[in-house]
Each structure stands twice: as structure tokens, then as C-alpha cells.
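Student: Structure below; questions to follow.
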Amino acid sequence: MRTKRIKIGSETEYYLLKEPAKCLAEGGLVVFPTETVYGLGANALLEESVKNIFKAKGRPSDNPLIVHVASKNQVSEVVSAIPKVAEKVMEHLWPGPITLIMPRASRISNAVTAGLDTVAVRFPSHPVARRLLEEAGVPVAAPSANTSGRPSPTKAAHVVEDLDGKVDYILDGGNCSVGLESTVLDTTVTPPQILRPGGISKQQLEEILGQVVYDPGLTNQRAVPKSPGMKYKHYAPKAQMTIVEGKDIAGCIGRLLEKELTQGKKIGVLTSGNHDYPADFIIDAGESAEEYAANLFDALREFDAKGADVILAELPFGESGIEPAIRNRIYKAAGGNVIKC
């Protein structure tokens with residue numbers, strides 16, 4: 001398959017979306033930017049097209065997909081009912097980086113939902129994504145546009161690395177502003193349950209809904225999380241990765257470097273605030289949690305490009321705002337390999 005790449009830099013170039021939108025509606029695969037990460041889209045109403053997503057990514061077929069809609073009005077095409085909890089979230093936080101679990105409509109295939117009686121629905125805020133969805137006129141199933149298990153793509157260049165030649169179009173809309181996948185909220189249970197932390201925090205949801213809880217699978221290693229993307233090892237670089245957190249992160253990394261460097265390995269350190277270490281590669285992801293989230297996946301891919309054998313990652317964040325989402329992703333990227341100092 002020959003992949004066509006199109007850069008969309010402004011509204012004056014939205015006319016370039018007509019052909020990709022037509023391709024998407026007719027069964028093709030189109031990668032598009034969202035505010036969270038780049039998505040690999042297929043017509044959610046065409047089962048064979050949806051199956052092609054799994055083939056392109058190498059994604060397990062029992063891992064459900066998120067359906068993207070062009071407006072709140074389109075939700076009725078993919079769900080059988082809209083819970084009151086979902087209505088409140090849609091009113092306050094859509095469009096935006098939050099996905100809602102609702103009862104599925106019969107027209108949504110098992111390929112999208114992995115046989116579940118619910119469907120995950122999102123209304124993205126990225127202007128290119130919104131215009132593409134409007135032009136396509138169909139609900140679009142779209143997981144992250146990366147090879148399954150790799151760091152999610154926050155730049156079009158990341159998509160090219162993984163999927164060039166496997167999709168019809170790659171739409172380059174610039175860097176993703178959030179950098180981590182959407183929050184997933186199950187609105188079919190009481191109290192509503194966060195299945196995946198993301199760009200919308202638990203605190204934001206509680207301001208609207210009252211009590212909100214986390215899926216036990218997020219904190220209990222023996223429980224299987226229910227959200228798309230959370231069931232398998234994910235977001236992982238090629239290098240062996242260790243997370244370092246606690247009161248003496250710098251000292252702990254310094255001691256680890258003394259040990260690791262004696263083994264002749266190429267060492268990379270992911271910092272928050274450009275700390276200086278005697279390592280082969282240092283990448284500063286940013287001092288704020290928002291900067292760190294936006295730069296995390298790009299940094300992991302950059303370490304791979306540099307040929308790092310080992311990555312030591314500073315994790316100085318707590319449990320507010322987007323910080324739980326950072327912790328969730330980076331823990332999975334490291335396979336749970338964490339040192340607390």
C-alpha cells in the first residue's frame with residue numbers, strides 16, 4: 001500500500017481533507033491528529049475496515065477500540081442510550097480528551113467492541129480531527145496510530161516510523177498538545193469509574209459528577225483493567241527502562257549510573273528540569289507535569305533513535321491533575337520496573 005502524506009497547517013488547507021475523508025468513509029485507513037495522540041481511523045460501521053486497524057497495528061483483537069464522533073448529535077448513531085452521567089460530562093467537557101463508556105448500538109460491530117455490550121465514544125477537540133470527521137460523515141474507530149506496544153505517536157513522524165505503507169493517508173496536523181491518551185470513564189456503573197487516567201483529571205470529573213472512582217485494575221496488579229490499551233504491555237521503548245521516584249531521585253540515579261556505566265551500555269536519562277548526569281544521552285521532558293506529559297512519548301522514541309540500551313527516568317510528580325496519567329503510562333512503559341528512593 002502506498003501511503004499519502006498530507007500536511008494541514010491552517011484552515012485554508014482544510015480542502016485537502018476531502019479525499020482522505022472520502023477514503024475513510026469508503027473503508028480506507030486514515031491517520032489523523034487529535035489533541036491527545038495521533039489516531040488510526042477506520043469507518044466504525046464497516047467491520048472489515050475495522051479489522052484492518054488490528055492488522056496494521058498488530059493489535060490483539062480482544063482489545064476494544066474508541067469510536068470518534070464529529071458532534072454530540074452523532075452519539076445516538078453508536079449508542080443505544082446516553083446515561084445521565086454521560087450527558088453531564090458531554091455538556092461540560094466535550095469536545096476534549098475524555099472518552100465515555102456507554103451502552104452500544106446494535107449497528108456497532110463486535111470488531112469495535114471486542115464483543116462487549118458497551119462502546120467507548122469520544123468527541124475530539126483538535127480542529128483537523130473535527131473537520132475530517134465532519135467530512136467523512138461516519139463514526140470513526142481509532143486507536144493510537146502506532147505499532148501495538150510502542151510509545152504512542154504525538155508527531156506525524158512517529159506515525160511514519162510505524163505505519164508508513166500500511167495505511168492510506170497520514171494527516172500531519174502538528175504536535176499533539178496533551179500528549180497522553182484520553183481519560184476513559186465508564187458511565188454505565190455507579191459511581192462512574194475511571195478506566196484509564198488521561199487529559200481530564202479525577203478532580204475535574206468530581207467537580208461535575210460528585211464521587212468518581214478508579215478501576216481496581218489500575219492499582220491492583222492481579223485485576224485486569226477494562227479500558228482499551230490498558231490490558232497489555234504498552235508505550236514501551238526498546239531500551240530497558242527504570243523509573244526512579246522519591247525524595248532523592250538525583251542521588252539515586254547518580255548511584256545507578258555508576259553501576260550501569262561499568263557494563264558498557266549506552267545510558268539515557270529522562271529528566272524533569274534538565275538535571276546534569278554523566279550519561280550518554282539526557283532528554284529534559286519539562287519541569288511541569290503538562291510539559292512532561294506532552295513530551296514523554298517523543299522522548300522515549302528519541303532514546304530509541306539514539307540507540308540507548310538503558311533508560312533511567314525521573315518521576316517527581318504526585319497524584320493531581322494529569323500526574324496520575326503520567327504515572328500510569330510510564331509505569332507500563334517500564335513494565336513496572338520502579339525504584340523508590
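Chain identifiers are assigned as A, B, and so on, following the order in which chains appear in the C-alpha cells; residues are numbered from 1 within each chain, and ligands are numbered from 1 in order of appearance.
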Enumerate, in order of chain and increasing residue number, the residues of range 37-147 of chain A with an atom no farther than 8 Å from range 185-201 of chain A, each with its shortest atom pair and distance in Å to one decimal, counting only C-alpha atoms, as JSON lines.

Tutor:
{"residue": "A:Pro83", "atom": "CA", "partner": "A:Thr187", "partner_atom": "CA", "distance": 6.5}
{"residue": "A:Val85", "atom": "CA", "partner": "A:Thr187", "partner_atom": "CA", "distance": 5.9}
{"residue": "A:Ala86", "atom": "CA", "partner": "A:Thr187", "partner_atom": "CA", "distance": 5.8}
{"residue": "A:Pro97", "atom": "CA", "partner": "A:Gly199", "partner_atom": "CA", "distance": 5.4}
{"residue": "A:Ile98", "atom": "CA", "partner": "A:Ile200", "partner_atom": "CA", "distance": 6.2}
{"residue": "A:Thr99", "atom": "CA", "partner": "A:Leu185", "partner_atom": "CA", "distance": 6.2}
{"residue": "A:Leu100", "atom": "CA", "partner": "A:Leu185", "partner_atom": "CA", "distance": 5.1}
{"residue": "A:Ile101", "atom": "CA", "partner": "A:Asp186", "partner_atom": "CA", "distance": 4.5}
{"residue": "A:Met102", "atom": "CA", "partner": "A:Thr188", "partner_atom": "CA", "distance": 6.0}
{"residue": "A:Pro103", "atom": "CA", "partner": "A:Thr188", "partner_atom": "CA", "distance": 7.3}

Student: Excluding Ala56 in chain A and its own-chain neighbours fewer than 3 positions away, which residues fall within 8 Å of it when counting only C-alpha atoms? Please give them as a ChimeraX atom specification.

Tutor: /A:52-53,59,147,163,166-167

Student: Go through range 105-220 of chain A and collect every residue that DSSP, computed from the backbone, puts in helix (DSSP H, G or I); the answer should be as a VMD selection string.

Tutor: chain A and resid 110 to 113 127 to 136 156 to 163 202 to 209 216 to 218

Student: So which one's closest to Asn328 in chain A, A:Asp164, A:Glu181, A:Asp172, A:Glu91? Using only C-alpha atoms, please.

Tutor: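 When distances to Asn328 in chain A are compared using only C-alpha atoms, the smallest one comes from A:Glu181.
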
Student: In Å, how far is it from CA of Pro127 in chain A to CA of Val75 in chain A?

Tutor: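 Distance reported for this atom pair: 18.5 Å.
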
Student: Could you check which of A:Gly210, A:Gly149, A:Gly28, A:Pro216 is closest to Gly41 in chain A, using only C-alpha atoms?

Tutor: A:Gly28

Student: Name all residues at most 10 Å from Val159 in chain A (count only C-alpha atoms; drop same-chain ones fewer than 4 positions away) and give them as a list in words.

Tutor: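 Contacts, with the query itself left out: Val31, Phe32, Tyr38, Gly39, Leu40, Ser144, Ala145, Asn146, Thr147, Ser152, Pro153, Thr154, Lys155, Leu163, Asp164, Ile170, Leu171 and Asp172 of chain A.
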
Student: May I have the residues within 12 Å of Glu319 in chain A as a list in words, using only C-alpha atoms and disregarding those fewer than 5 positions away in the same chain?

Tutor: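 Selected residues are Pro197, Ser201, Lys202, Gln203, Ala289, Pro324, Ala325, Ile326, Arg327 and Asn328 of chain A.
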
Student: Please measure the separation of CA of Ser320 in chain A and CA of Gly251 in chain A, giving the value in Å to one decimal.

Tutor: 25.0 Å
